[in-house]
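J.: Take a look at entry36.cif, mmCIF, C-alpha atoms and all ligand atoms:
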```
data_coords
loop_
_atom_site.group_PDB
_atom_site.id
_atom_site.type_symbol
_atom_site.label_atom_id
_atom_site.label_comp_id
_atom_site.auth_asym_id
_atom_site.auth_seq_id
_atom_site.Cartn_x
_atom_site.Cartn_y
_atom_site.Cartn_z
ATOM 1 C CA MET A 1 -149.788 269.153 -73.775
ATOM 2 C CA LYS A 2 -146.222 268.526 -75.052
ATOM 3 C CA ILE A 3 -143.918 266.927 -72.448
ATOM 4 C CA ALA A 4 -140.146 266.431 -72.750
ATOM 5 C CA LEU A 5 -138.586 263.706 -70.589
ATOM 6 C CA VAL A 6 -135.023 264.394 -69.412
ATOM 7 C CA GLY A 7 -133.675 261.127 -68.057
ATOM 8 C CA TYR A 8 -135.159 258.006 -69.589
ATOM 9 C CA GLY A 9 -134.456 255.180 -67.173
ATOM 10 C CA LYS A 10 -136.742 253.294 -64.774
ATOM 11 C CA MET A 11 -138.813 256.405 -64.009
ATOM 12 C CA GLY A 12 -138.656 258.046 -67.437
ATOM 13 C CA LYS A 13 -140.116 254.977 -69.137
ATOM 14 C CA ILE A 14 -143.049 254.685 -66.708
ATOM 15 C CA ILE A 15 -143.744 258.429 -66.897
ATOM 16 C CA ASP A 16 -143.817 258.090 -70.705
ATOM 17 C CA GLU A 17 -146.587 255.463 -70.404
ATOM 18 C CA VAL A 18 -148.612 257.482 -67.887
ATOM 19 C CA ALA A 19 -148.311 260.756 -69.837
ATOM 20 C CA THR A 20 -149.316 259.062 -73.091
ATOM 21 C CA LYS A 21 -152.318 257.360 -71.445
ATOM 22 C CA ARG A 22 -153.401 260.777 -70.135
ATOM 23 C CA GLY A 23 -153.402 262.127 -73.702
ATOM 24 C CA HIS A 24 -150.140 264.087 -73.687
ATOM 25 C CA GLU A 25 -147.534 264.103 -76.486
ATOM 26 C CA VAL A 26 -144.042 263.088 -75.342
ATOM 27 C CA VAL A 27 -141.816 265.154 -77.665
ATOM 28 C CA ALA A 28 -138.374 264.175 -76.283
ATOM 29 C CA ARG A 29 -136.828 261.252 -74.408
ATOM 30 C CA LEU A 30 -133.343 262.423 -73.464
ATOM 31 C CA LYS A 31 -130.425 260.679 -71.842
ATOM 32 C CA GLU A 32 -128.165 263.711 -72.350
ATOM 33 C CA THR A 33 -128.036 267.399 -71.456
ATOM 34 C CA PRO A 34 -131.154 269.148 -72.804
ATOM 35 C CA THR A 35 -130.855 272.008 -75.319
ATOM 36 C CA ALA A 36 -133.350 274.150 -77.244
ATOM 37 C CA GLY A 37 -132.632 271.802 -80.151
ATOM 38 C CA ASN A 38 -133.209 268.395 -78.583
ATOM 39 C CA LEU A 39 -136.119 269.357 -76.287
ATOM 40 C CA ASN A 40 -138.447 269.974 -79.280
ATOM 41 C CA ASN A 41 -140.298 272.957 -77.818
ATOM 42 C CA PRO A 42 -142.248 271.267 -74.971
ATOM 43 C CA ASP A 43 -144.801 272.893 -72.691
ATOM 44 C CA VAL A 44 -143.159 271.230 -69.634
ATOM 45 C CA VAL A 45 -140.060 269.152 -68.864
ATOM 46 C CA ILE A 46 -140.138 266.211 -66.446
ATOM 47 C CA GLU A 47 -136.616 265.493 -65.193
ATOM 48 C CA PHE A 48 -135.685 262.169 -63.575
ATOM 49 C CA SER A 49 -131.973 261.639 -64.243
ATOM 50 C CA LEU A 50 -128.980 261.299 -61.899
ATOM 51 C CA PRO A 51 -127.780 263.316 -58.891
ATOM 52 C CA GLU A 52 -124.621 264.369 -60.715
ATOM 53 C CA VAL A 53 -126.374 265.840 -63.784
ATOM 54 C CA ALA A 54 -129.738 267.115 -62.501
ATOM 55 C CA PHE A 55 -128.526 270.660 -61.787
ATOM 56 C CA GLN A 56 -127.152 271.211 -65.304
ATOM 57 C CA ASN A 57 -130.268 269.643 -66.846
ATOM 58 C CA VAL A 58 -132.748 271.752 -64.893
ATOM 59 C CA LYS A 59 -130.661 274.919 -65.384
ATOM 60 C CA ALA A 60 -130.620 274.399 -69.172
ATOM 61 C CA CYS A 61 -134.419 273.966 -69.312
ATOM 62 C CA LEU A 62 -135.171 276.984 -67.088
ATOM 63 C CA GLU A 63 -132.772 279.171 -69.097
ATOM 64 C CA ASN A 64 -134.846 278.188 -72.142
ATOM 65 C CA LYS A 65 -137.879 279.420 -70.134
ATOM 66 C CA ILE A 66 -139.423 275.935 -69.997
ATOM 67 C CA PRO A 67 -141.106 274.930 -66.690
ATOM 68 C CA VAL A 68 -139.560 271.905 -64.991
ATOM 69 C CA ILE A 69 -140.876 269.133 -62.785
ATOM 70 C CA CYS A 70 -137.802 267.578 -61.165
ATOM 71 C CA GLY A 71 -137.853 264.278 -59.311
ATOM 72 C CA THR A 72 -134.128 263.588 -59.303
ATOM 73 C CA THR A 73 -132.796 263.404 -55.727
ATOM 74 C CA GLY A 74 -129.327 263.842 -54.252
ATOM 75 C CA TRP A 75 -128.518 267.354 -55.527
ATOM 76 C CA LEU A 76 -130.404 269.609 -53.062
ATOM 77 C CA ASP A 77 -127.290 271.616 -52.150
ATOM 78 C CA LYS A 78 -127.906 273.511 -55.424
ATOM 79 C CA LYS A 79 -131.694 273.778 -55.226
ATOM 80 C CA SER A 80 -131.759 277.414 -54.067
ATOM 81 C CA GLU A 81 -129.594 278.389 -57.062
ATOM 82 C CA ILE A 82 -132.089 276.692 -59.369
ATOM 83 C CA GLU A 83 -134.991 278.513 -57.694
ATOM 84 C CA LYS A 84 -133.295 281.858 -58.434
ATOM 85 C CA ILE A 85 -132.821 280.847 -62.089
ATOM 86 C CA ALA A 86 -136.535 280.006 -62.354
ATOM 87 C CA ILE A 87 -137.475 283.498 -61.138
ATOM 88 C CA GLU A 88 -134.857 285.234 -63.325
ATOM 89 C CA ASN A 89 -136.266 283.461 -66.388
ATOM 90 C CA ASN A 90 -139.925 284.077 -65.506
ATOM 91 C CA THR A 91 -140.759 280.379 -65.577
ATOM 92 C CA ALA A 92 -141.628 277.660 -63.023
ATOM 93 C CA PHE A 93 -139.821 274.952 -61.077
ATOM 94 C CA LEU A 94 -141.167 272.190 -58.859
ATOM 95 C CA TYR A 95 -138.935 269.692 -57.043
ATOM 96 C CA GLY A 96 -140.474 266.693 -55.353
ATOM 97 C CA SER A 97 -138.432 264.118 -53.411
ATOM 98 C CA ASN A 98 -141.456 261.861 -53.821
ATOM 99 C CA PHE A 99 -144.407 262.500 -56.129
ATOM 100 C CA SER A 100 -146.755 259.775 -54.860
ATOM 101 C CA LEU A 101 -149.963 260.886 -53.157
ATOM 102 C CA GLY A 102 -149.351 258.275 -50.436
ATOM 103 C CA VAL A 103 -145.945 259.612 -49.463
ATOM 104 C CA ASN A 104 -147.199 263.208 -49.429
ATOM 105 C CA LEU A 105 -149.959 262.126 -47.049
ATOM 106 C CA PHE A 106 -147.246 260.299 -45.058
ATOM 107 C CA PHE A 107 -145.241 263.550 -44.897
ATOM 108 C CA ALA A 108 -148.277 265.267 -43.330
ATOM 109 C CA LEU A 109 -148.807 262.362 -40.877
ATOM 110 C CA ASN A 110 -145.106 262.465 -39.959
ATOM 111 C CA GLU A 111 -145.324 266.175 -39.125
ATOM 112 C CA LYS A 112 -148.471 265.694 -37.011
ATOM 113 C CA LEU A 113 -146.740 262.924 -35.018
ATOM 114 C CA ALA A 114 -143.579 265.033 -34.670
ATOM 115 C CA ASP A 115 -145.728 267.891 -33.336
ATOM 116 C CA LEU A 116 -147.315 265.544 -30.760
ATOM 117 C CA MET A 117 -143.865 264.333 -29.686
ATOM 118 C CA LYS A 118 -142.208 267.738 -29.429
ATOM 119 C CA ASN A 119 -142.581 267.932 -25.633
ATOM 120 C CA VAL A 120 -142.177 264.180 -25.018
ATOM 121 C CA ASN A 121 -138.607 263.303 -24.057
ATOM 122 C CA GLU A 122 -138.959 259.573 -23.393
ATOM 123 C CA TYR A 123 -138.554 258.581 -27.054
ATOM 124 C CA SER A 124 -135.621 258.484 -29.458
ATOM 125 C CA CYS A 125 -136.390 258.805 -33.170
ATOM 126 C CA GLN A 126 -134.996 256.800 -36.085
ATOM 127 C CA LEU A 127 -135.729 256.650 -39.809
ATOM 128 C CA GLU A 128 -135.319 253.626 -42.047
ATOM 129 C CA GLU A 129 -135.502 253.666 -45.833
ATOM 130 C CA ILE A 130 -135.258 250.598 -48.047
ATOM 131 C CA HIS A 131 -134.635 250.851 -51.812
ATOM 132 C CA HIS A 132 -133.451 248.743 -54.726
ATOM 133 C CA ILE A 133 -129.760 247.962 -55.164
ATOM 134 C CA HIS A 134 -129.436 250.331 -58.167
ATOM 135 C CA LYS A 135 -130.076 253.483 -56.121
ATOM 136 C CA LYS A 136 -127.092 255.846 -56.229
ATOM 137 C CA ASP A 137 -127.870 258.251 -53.375
ATOM 138 C CA ALA A 138 -128.312 257.639 -49.642
ATOM 139 C CA PRO A 139 -130.267 258.521 -47.677
ATOM 140 C CA SER A 140 -133.192 258.835 -50.050
ATOM 141 C CA GLY A 141 -134.611 262.239 -50.897
ATOM 142 C CA THR A 142 -137.846 261.090 -49.253
ATOM 143 C CA ALA A 143 -136.001 260.262 -46.011
ATOM 144 C CA ILE A 144 -134.414 263.730 -46.026
ATOM 145 C CA SER A 145 -137.879 265.285 -46.472
ATOM 146 C CA ILE A 146 -139.157 263.178 -43.553
ATOM 147 C CA ALA A 147 -136.199 264.287 -41.398
ATOM 148 C CA GLU A 148 -136.868 267.942 -42.282
ATOM 149 C CA GLY A 149 -140.511 267.461 -41.248
ATOM 150 C CA ILE A 150 -139.405 266.100 -37.869
ATOM 151 C CA PHE A 151 -136.883 268.897 -37.293
ATOM 152 C CA LYS A 152 -139.615 271.458 -38.027
ATOM 153 C CA TYR A 153 -141.385 270.391 -34.788
ATOM 154 C CA ASN A 154 -138.607 268.811 -32.742
ATOM 155 C CA PRO A 155 -135.648 271.211 -32.488
ATOM 156 C CA LYS A 156 -134.207 268.938 -29.768
ATOM 157 C CA PHE A 157 -132.851 266.761 -32.542
ATOM 158 C CA GLU A 158 -129.630 268.516 -33.544
ATOM 159 C CA ALA A 159 -129.256 266.848 -36.948
ATOM 160 C CA TRP A 160 -129.503 263.520 -38.693
ATOM 161 C CA LYS A 161 -126.675 261.021 -38.943
ATOM 162 C CA LEU A 162 -126.555 258.186 -41.422
ATOM 163 C CA GLU A 163 -126.677 254.822 -39.613
ATOM 164 C CA GLU A 164 -126.131 256.287 -36.176
ATOM 165 C CA THR A 165 -128.513 256.730 -33.297
ATOM 166 C CA LYS A 166 -127.191 258.972 -30.588
ATOM 167 C CA GLU A 167 -129.143 260.956 -28.031
ATOM 168 C CA ASN A 168 -130.468 264.169 -29.625
ATOM 169 C CA GLN A 169 -129.599 262.873 -33.064
ATOM 170 C CA LEU A 170 -131.929 261.396 -35.623
ATOM 171 C CA GLY A 171 -130.505 258.135 -36.978
ATOM 172 C CA ILE A 172 -131.263 257.395 -40.631
ATOM 173 C CA PHE A 173 -130.666 253.822 -41.829
ATOM 174 C CA ALA A 174 -130.463 253.387 -45.614
ATOM 175 C CA ILE A 175 -130.905 249.757 -46.711
ATOM 176 C CA ARG A 176 -130.401 248.566 -50.293
ATOM 177 C CA GLU A 177 -132.235 245.336 -51.104
ATOM 178 C CA ASP A 178 -133.249 243.557 -54.314
ATOM 179 C CA GLU A 179 -135.704 245.626 -56.414
ATOM 180 C CA VAL A 180 -137.551 247.351 -53.548
ATOM 181 C CA PRO A 181 -139.379 250.407 -55.039
ATOM 182 C CA GLY A 182 -139.249 252.452 -51.801
ATOM 183 C CA THR A 183 -140.220 251.827 -48.151
ATOM 184 C CA HIS A 184 -139.930 254.486 -45.440
ATOM 185 C CA SER A 185 -140.482 254.067 -41.687
ATOM 186 C CA VAL A 186 -140.276 256.437 -38.726
ATOM 187 C CA PHE A 187 -139.722 254.831 -35.305
ATOM 188 C CA TYR A 188 -140.144 256.475 -31.905
ATOM 189 C CA ARG A 189 -138.661 254.145 -29.275
ATOM 190 C CA SER A 190 -138.812 254.365 -25.478
ATOM 191 C CA GLU A 191 -137.607 251.882 -22.888
ATOM 192 C CA VAL A 192 -141.058 250.328 -22.773
ATOM 193 C CA ASP A 193 -142.548 250.626 -26.268
ATOM 194 C CA GLU A 194 -142.209 251.675 -29.910
ATOM 195 C CA ILE A 195 -144.386 253.751 -32.238
ATOM 196 C CA GLU A 196 -143.915 253.174 -36.018
ATOM 197 C CA ILE A 197 -145.399 254.874 -39.047
ATOM 198 C CA LYS A 198 -144.596 253.368 -42.454
ATOM 199 C CA HIS A 199 -145.131 253.919 -46.182
ATOM 200 C CA THR A 200 -144.534 251.106 -48.662
ATOM 201 C CA ALA A 201 -144.533 251.667 -52.427
ATOM 202 C CA PHE A 202 -145.603 248.477 -54.269
ATOM 203 C CA ASN A 203 -144.240 249.790 -57.595
ATOM 204 C CA ARG A 204 -143.216 253.073 -59.281
ATOM 205 C CA ASP A 205 -146.669 253.866 -60.696
ATOM 206 C CA GLY A 206 -147.577 256.316 -57.915
ATOM 207 C CA PHE A 207 -144.372 258.294 -58.411
ATOM 208 C CA ALA A 208 -144.988 258.526 -62.174
ATOM 209 C CA LEU A 209 -148.650 259.538 -61.880
ATOM 210 C CA GLY A 210 -147.794 262.252 -59.358
ATOM 211 C CA ALA A 211 -145.083 263.665 -61.629
ATOM 212 C CA VAL A 212 -147.454 263.883 -64.610
ATOM 213 C CA VAL A 213 -150.227 265.451 -62.496
ATOM 214 C CA ALA A 214 -147.654 268.011 -61.267
ATOM 215 C CA ALA A 215 -146.671 268.731 -64.899
ATOM 216 C CA GLU A 216 -150.352 269.320 -65.810
ATOM 217 C CA TRP A 217 -150.662 271.667 -62.800
ATOM 218 C CA ILE A 218 -147.508 273.743 -63.403
ATOM 219 C CA LYS A 219 -148.078 274.407 -67.134
ATOM 220 C CA ASP A 220 -149.062 278.108 -66.891
ATOM 221 C CA LYS A 221 -147.543 278.917 -63.488
ATOM 222 C CA LYS A 222 -144.566 281.169 -62.649
ATOM 223 C CA GLY A 223 -142.348 280.653 -59.586
ATOM 224 C CA ASN A 224 -141.118 277.840 -57.343
ATOM 225 C CA PHE A 225 -143.488 275.193 -56.001
ATOM 226 C CA ALA A 226 -143.728 271.903 -54.106
ATOM 227 C CA MET A 227 -146.015 268.889 -54.379
ATOM 228 C CA ASN A 228 -148.077 270.246 -51.467
ATOM 229 C CA ASP A 229 -149.130 273.109 -53.753
ATOM 230 C CA VAL A 230 -150.339 270.601 -56.373
ATOM 231 C CA LEU A 231 -152.206 268.412 -53.848
ATOM 232 C CA GLY A 232 -153.509 271.253 -51.676
ATOM 233 C CA LEU A 233 -152.070 269.559 -48.540
HETATM 234 N N1 LIG A 301 -139.348 262.123 -56.801
HETATM 235 C C1 LIG A 301 -139.821 260.887 -56.959
HETATM 236 O O1 LIG A 301 -141.037 260.611 -56.792
HETATM 237 C C2 LIG A 301 -138.869 259.819 -57.393
HETATM 238 C C3 LIG A 301 -137.557 260.143 -57.593
HETATM 239 N N2 LIG A 301 -136.687 259.221 -58.087
HETATM 240 C C4 LIG A 301 -135.339 259.705 -58.384
HETATM 241 O O2 LIG A 301 -135.247 259.854 -59.795
HETATM 242 C C5 LIG A 301 -133.904 259.656 -60.224
HETATM 243 C C6 LIG A 301 -133.905 258.659 -61.364
HETATM 244 O O3 LIG A 301 -134.358 257.418 -60.867
HETATM 245 P P1 LIG A 301 -134.407 256.162 -61.885
HETATM 246 O O4 LIG A 301 -135.244 256.503 -63.057
HETATM 247 O O5 LIG A 301 -134.731 254.972 -61.067
HETATM 248 O O6 LIG A 301 -132.866 256.099 -62.331
HETATM 249 P P2 LIG A 301 -132.249 255.404 -63.650
HETATM 250 O O7 LIG A 301 -130.804 255.239 -63.381
HETATM 251 O O8 LIG A 301 -133.097 254.240 -64.011
HETATM 252 O O9 LIG A 301 -132.459 256.516 -64.802
HETATM 253 C C7 LIG A 301 -131.607 257.645 -64.903
HETATM 254 C C8 LIG A 301 -131.619 258.057 -66.352
HETATM 255 O O10 LIG A 301 -130.843 259.247 -66.534
HETATM 256 C C9 LIG A 301 -130.089 259.070 -67.728
HETATM 257 N N3 LIG A 301 -128.968 260.001 -67.800
HETATM 258 C C10 LIG A 301 -127.658 259.791 -67.582
HETATM 259 N N4 LIG A 301 -126.958 260.918 -67.779
HETATM 260 C C11 LIG A 301 -127.846 261.868 -68.161
HETATM 261 C C12 LIG A 301 -127.763 263.237 -68.511
HETATM 262 N N5 LIG A 301 -126.593 263.900 -68.521
HETATM 263 N N6 LIG A 301 -128.892 263.894 -68.799
HETATM 264 C C13 LIG A 301 -130.091 263.261 -68.794
HETATM 265 N N7 LIG A 301 -130.239 261.950 -68.478
HETATM 266 C C14 LIG A 301 -129.128 261.284 -68.171
HETATM 267 C C15 LIG A 301 -129.686 257.640 -67.682
HETATM 268 O O11 LIG A 301 -129.206 257.232 -68.952
HETATM 269 P P3 LIG A 301 -128.360 255.854 -69.047
HETATM 270 O O12 LIG A 301 -129.396 254.771 -69.003
HETATM 271 O O13 LIG A 301 -127.676 255.961 -70.375
HETATM 272 O O14 LIG A 301 -127.431 255.833 -67.873
HETATM 273 C C16 LIG A 301 -131.015 257.007 -67.300
HETATM 274 O O15 LIG A 301 -131.819 256.875 -68.456
HETATM 275 C C17 LIG A 301 -133.126 259.258 -58.964
HETATM 276 O O16 LIG A 301 -132.498 260.402 -58.434
HETATM 277 C C18 LIG A 301 -134.217 258.804 -57.999
HETATM 278 O O17 LIG A 301 -133.867 259.004 -56.633
HETATM 279 C C19 LIG A 301 -137.066 257.933 -58.383
HETATM 280 C C20 LIG A 301 -138.368 257.554 -58.173
HETATM 281 C C21 LIG A 301 -139.368 258.460 -57.632
HETATM 282 O O1 LIG A 302 -134.453 255.938 -56.361
HETATM 283 C C1 LIG A 302 -135.652 255.590 -56.224
HETATM 284 O O2 LIG A 302 -136.165 254.576 -56.726
HETATM 285 C C2 LIG A 302 -136.520 256.494 -55.413
HETATM 286 N N1 LIG A 302 -136.016 257.643 -55.052
HETATM 287 C C3 LIG A 302 -136.741 258.686 -54.403
HETATM 288 C C4 LIG A 302 -136.024 259.095 -53.128
HETATM 289 O O3 LIG A 302 -134.761 259.183 -53.184
HETATM 290 O O4 LIG A 302 -136.727 259.344 -52.125
HETATM 291 C C5 LIG A 302 -138.221 258.416 -54.263
HETATM 292 C C6 LIG A 302 -138.618 256.989 -54.114
HETATM 293 O O5 LIG A 302 -138.415 256.575 -52.760
HETATM 294 C C7 LIG A 302 -137.911 256.074 -55.079
#
```
If you took the structure in this file and wrote it as structure tokens, what would it be?
Ligand SMILES: NC(=O)C1=CN([C@@H]2O[C@H](COP(=O)(O)OP(=O)(O)OC[C@H]3O[C@@H](n4cnc5c(N)ncnc54)[C@H](OP(=O)(O)O)[C@@H]3O)[C@@H](O)[C@H]2O)C=CC1
Ligand SMILES: O=C(O)C1=N[C@H](C(=O)O)C[C@H](O)C1
T.:
Amino acid sequence: MKIALVGYGKMGKIIDEVATKRGHEVVARLKETPTAGNLNNPDVVIEFSLPEVAFQNVKACLENKIPVICGTTGWLDKKSEIEKIAIENNTAFLYGSNFSLGVNLFFALNEKLADLMKNVNEYSCQLEEIHHIHKKDAPSGTAISIAEGIFKYNPKFEAWKLEETKENQLGIFAIREDEVPGTHSVFYRSEVDEIEIKHTAFNRDGFALGAVVAAEWIKDKKGNFAMNDVLGL
């Protein structure tokens, strides 16, 4: 199928390689706002740009009735508006904070552990995410998804606070280090022990493969979706 890439940085370049290897034609590699003219009539758009431009990029594609796979994080305050635009234009939208199979399995593991801990009051909970020094948003979109999974089962946590750990609050620590692709840990700590679950990305290949698989899946769909729909998790 024909894929347009909106955002052509670290992720866009790897997605280009993966899509081409899987036999798709990459018809656009944009570092600017997409239009009907520069998109070159793709079947699907894969958008990995910047938090400050993702909304306008996705909106432009959906208003041209082109389905979008969006991996850009740090703009979720406008996600519900985008989901309405997808429906109004009879097309499809899928946002994923993390497209790797491993992290989506980690999301499910995180929720199962949160469910086990919902009536256990001896433990505090803390998240830690480590990413490369170029990352513009904090905490990561993946960490926010993890926090949402915990809140789904543990309403005792009022909210998350960046780099704080207070009783009844989930502390999220965002660390920026070298060229780290993405490491996420959840810690439950009591006075006598600690439980940790952790996902470590070795490179960006898993993110790119997941995004292309999601693009293959969404091609003839209508509506708003998540990576769980693609993976059947
Ligand atoms: N969901 C997932 O699985 C993953 C999500 N991400 C997220 O993807 C996003 C991109 O990450 P990454 O590729 O590392 O970032 P980069 O900074 O490497 O790439 C961003 C790209 O967007 C381009 N850009 C700038 N302005 C615009 C615009 N108006 N329209 C379109 N493109 C534009 C940049 O161009 P220029 O080079 O000229 O600045 C650059 O090519 C981040 O939000 C990150 O959190 C990352 C990995 C996995
Ligand atoms: O910026 C990155 O690199 C990544 N961003 C995503 C996020 O914010 O969760 C996904 C992955 O961790 C890599």
J.: As AutoDock Vina command-line options, what would the box around ligand LIG 302 (chain A) look like: edges along x, y and z, 5 Å added on every side, centre and edge lengths in Å to one decimal?
T.:
```
--center_x -136.5 --center_y 257.0 --center_z -54.4 --size_x 14.2 --size_y 14.8 --size_z 14.6
```
J.: Please identify the residues whose atoms come within 7 Å of ligand LIG 302 (chain A), using only C-alpha atoms and all ligand atoms, and report them as number ranges by chain.
T.: A: 73, 97-98, 131-132, 135, 137, 140-143, 181-183
J.: Name each residue within 6 Å of ligand LIG 301 (chain A), counting all atoms listed in the file, as JSON, numbers by chain.
T.: {"A": [6, 7, 8, 9, 10, 11, 12, 30, 31, 32, 33, 48, 49, 50, 51, 53, 71, 72, 73, 96, 97, 98, 99, 207]}
J.: Just so the selection is clear, what residues does the PyMOL selection byres (((chain A and resi 150) around 10) and not hetatm) cover here, as a PDB file with C-alpha atoms, in the coordinates of the input?
T.:
```pdb
ATOM      1  CA  PHE A 107    -145.241 263.550 -44.897  1.00  0.00           C
ATOM      2  CA  ASN A 110    -145.106 262.465 -39.959  1.00  0.00           C
ATOM      3  CA  GLU A 111    -145.324 266.175 -39.125  1.00  0.00           C
ATOM      4  CA  LYS A 112    -148.471 265.694 -37.011  1.00  0.00           C
ATOM      5  CA  LEU A 113    -146.740 262.924 -35.018  1.00  0.00           C
ATOM      6  CA  ALA A 114    -143.579 265.033 -34.670  1.00  0.00           C
ATOM      7  CA  ASP A 115    -145.728 267.891 -33.336  1.00  0.00           C
ATOM      8  CA  MET A 117    -143.865 264.333 -29.686  1.00  0.00           C
ATOM      9  CA  LYS A 118    -142.208 267.738 -29.429  1.00  0.00           C
ATOM     10  CA  CYS A 125    -136.390 258.805 -33.170  1.00  0.00           C
ATOM     11  CA  ILE A 144    -134.414 263.730 -46.026  1.00  0.00           C
ATOM     12  CA  SER A 145    -137.879 265.285 -46.472  1.00  0.00           C
ATOM     13  CA  ILE A 146    -139.157 263.178 -43.553  1.00  0.00           C
ATOM     14  CA  ALA A 147    -136.199 264.287 -41.398  1.00  0.00           C
ATOM     15  CA  GLU A 148    -136.868 267.942 -42.282  1.00  0.00           C
ATOM     16  CA  GLY A 149    -140.511 267.461 -41.248  1.00  0.00           C
ATOM     17  CA  PHE A 151    -136.883 268.897 -37.293  1.00  0.00           C
ATOM     18  CA  LYS A 152    -139.615 271.458 -38.027  1.00  0.00           C
ATOM     19  CA  TYR A 153    -141.385 270.391 -34.788  1.00  0.00           C
ATOM     20  CA  ASN A 154    -138.607 268.811 -32.742  1.00  0.00           C
ATOM     21  CA  PRO A 155    -135.648 271.211 -32.488  1.00  0.00           C
ATOM     22  CA  PHE A 157    -132.851 266.761 -32.542  1.00  0.00           C
ATOM     23  CA  LEU A 170    -131.929 261.396 -35.623  1.00  0.00           C
ATOM     24  CA  VAL A 186    -140.276 256.437 -38.726  1.00  0.00           C
TER      25      VAL A 186
END
```
J.: Residue by residue, what does the PyMOL selection byres (((chain A and resi 198) around 6) and not hetatm) grab here? Present the result as a PyMOL selection string.
T.: chain A and resi 184-185+197+199
J.: So which residues touch Lys221 of chain A within 12 Å, counting all atoms listed in the file, skipping near sequence neighbours fewer than 6 positions away, as JSON, numbers by chain?
T.: {"A": [43, 44, 65, 66, 67, 68, 69, 86, 87, 90, 91, 92, 93, 94, 214, 215, 229, 230]}
J.: Taking only C-alpha atoms into account, which of A:Asn64, A:Leu116, A:Ala54, A:Val18 comes nearest Asn40 of chain A?
T.: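 Nearest to Asn40 of chain A: A:Asn64.
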J.: Out of A:Glu122, A:Glu52, A:Glu83, A:Asp16, which residue has the shortest atom-to-atom distance to Glu194 of chain A when counting only C-alpha atoms?
T.: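 Among the listed residues, the smallest separation from Glu194 of chain A belongs to A:Glu122.
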J.: Atom CA of Ile14 of chain A and atom CA of Asp205 of chain A are how many Å apart?
T.: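 Interatomic distance, atom CA of Ile14 of chain A to atom CA of Asp205 of chain A: 7.1 Å.
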J.: Evaluate the PyMOL selection byres (((chain A and resi 2) around 9) and not hetatm) and record the selected residues as a ChimeraX atom specification, following the chain and residue labels used in the document.
T.: /A:1,3-4,24-27,40-45
J.: Could you please take those selected residues and save C-alpha atoms as an mmCIF file, keeping the file's coordinate frame?
T.:
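What ended up in out.cif:
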```
data_model
loop_
_atom_site.group_PDB
_atom_site.id
_atom_site.type_symbol
_atom_site.label_atom_id
_atom_site.label_comp_id
_atom_site.auth_asym_id
_atom_site.auth_seq_id
_atom_site.Cartn_x
_atom_site.Cartn_y
_atom_site.Cartn_z
ATOM 1 C CA MET A 1 -149.788 269.153 -73.775
ATOM 2 C CA ILE A 3 -143.918 266.927 -72.448
ATOM 3 C CA ALA A 4 -140.146 266.431 -72.750
ATOM 4 C CA HIS A 24 -150.140 264.087 -73.687
ATOM 5 C CA GLU A 25 -147.534 264.103 -76.486
ATOM 6 C CA VAL A 26 -144.042 263.088 -75.342
ATOM 7 C CA VAL A 27 -141.816 265.154 -77.665
ATOM 8 C CA ASN A 40 -138.447 269.974 -79.280
ATOM 9 C CA ASN A 41 -140.298 272.957 -77.818
ATOM 10 C CA PRO A 42 -142.248 271.267 -74.971
ATOM 11 C CA ASP A 43 -144.801 272.893 -72.691
ATOM 12 C CA VAL A 44 -143.159 271.230 -69.634
ATOM 13 C CA VAL A 45 -140.060 269.152 -68.864
#
```
J.: Work out how far apart atom CA of Val103 of chain A and atom CA of Ala208 of chain A are and give it in Å to one decimal.
T.: 12.8 Å
J.: Calculated over only C-alpha atoms, which of the candidates A:Val120, A:Leu231, A:Leu5, A:Ala28 has the smallest distance to Ile46 of chain A?
T.: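 For Ile46 of chain A, the nearest of the given residues is A:Leu5.
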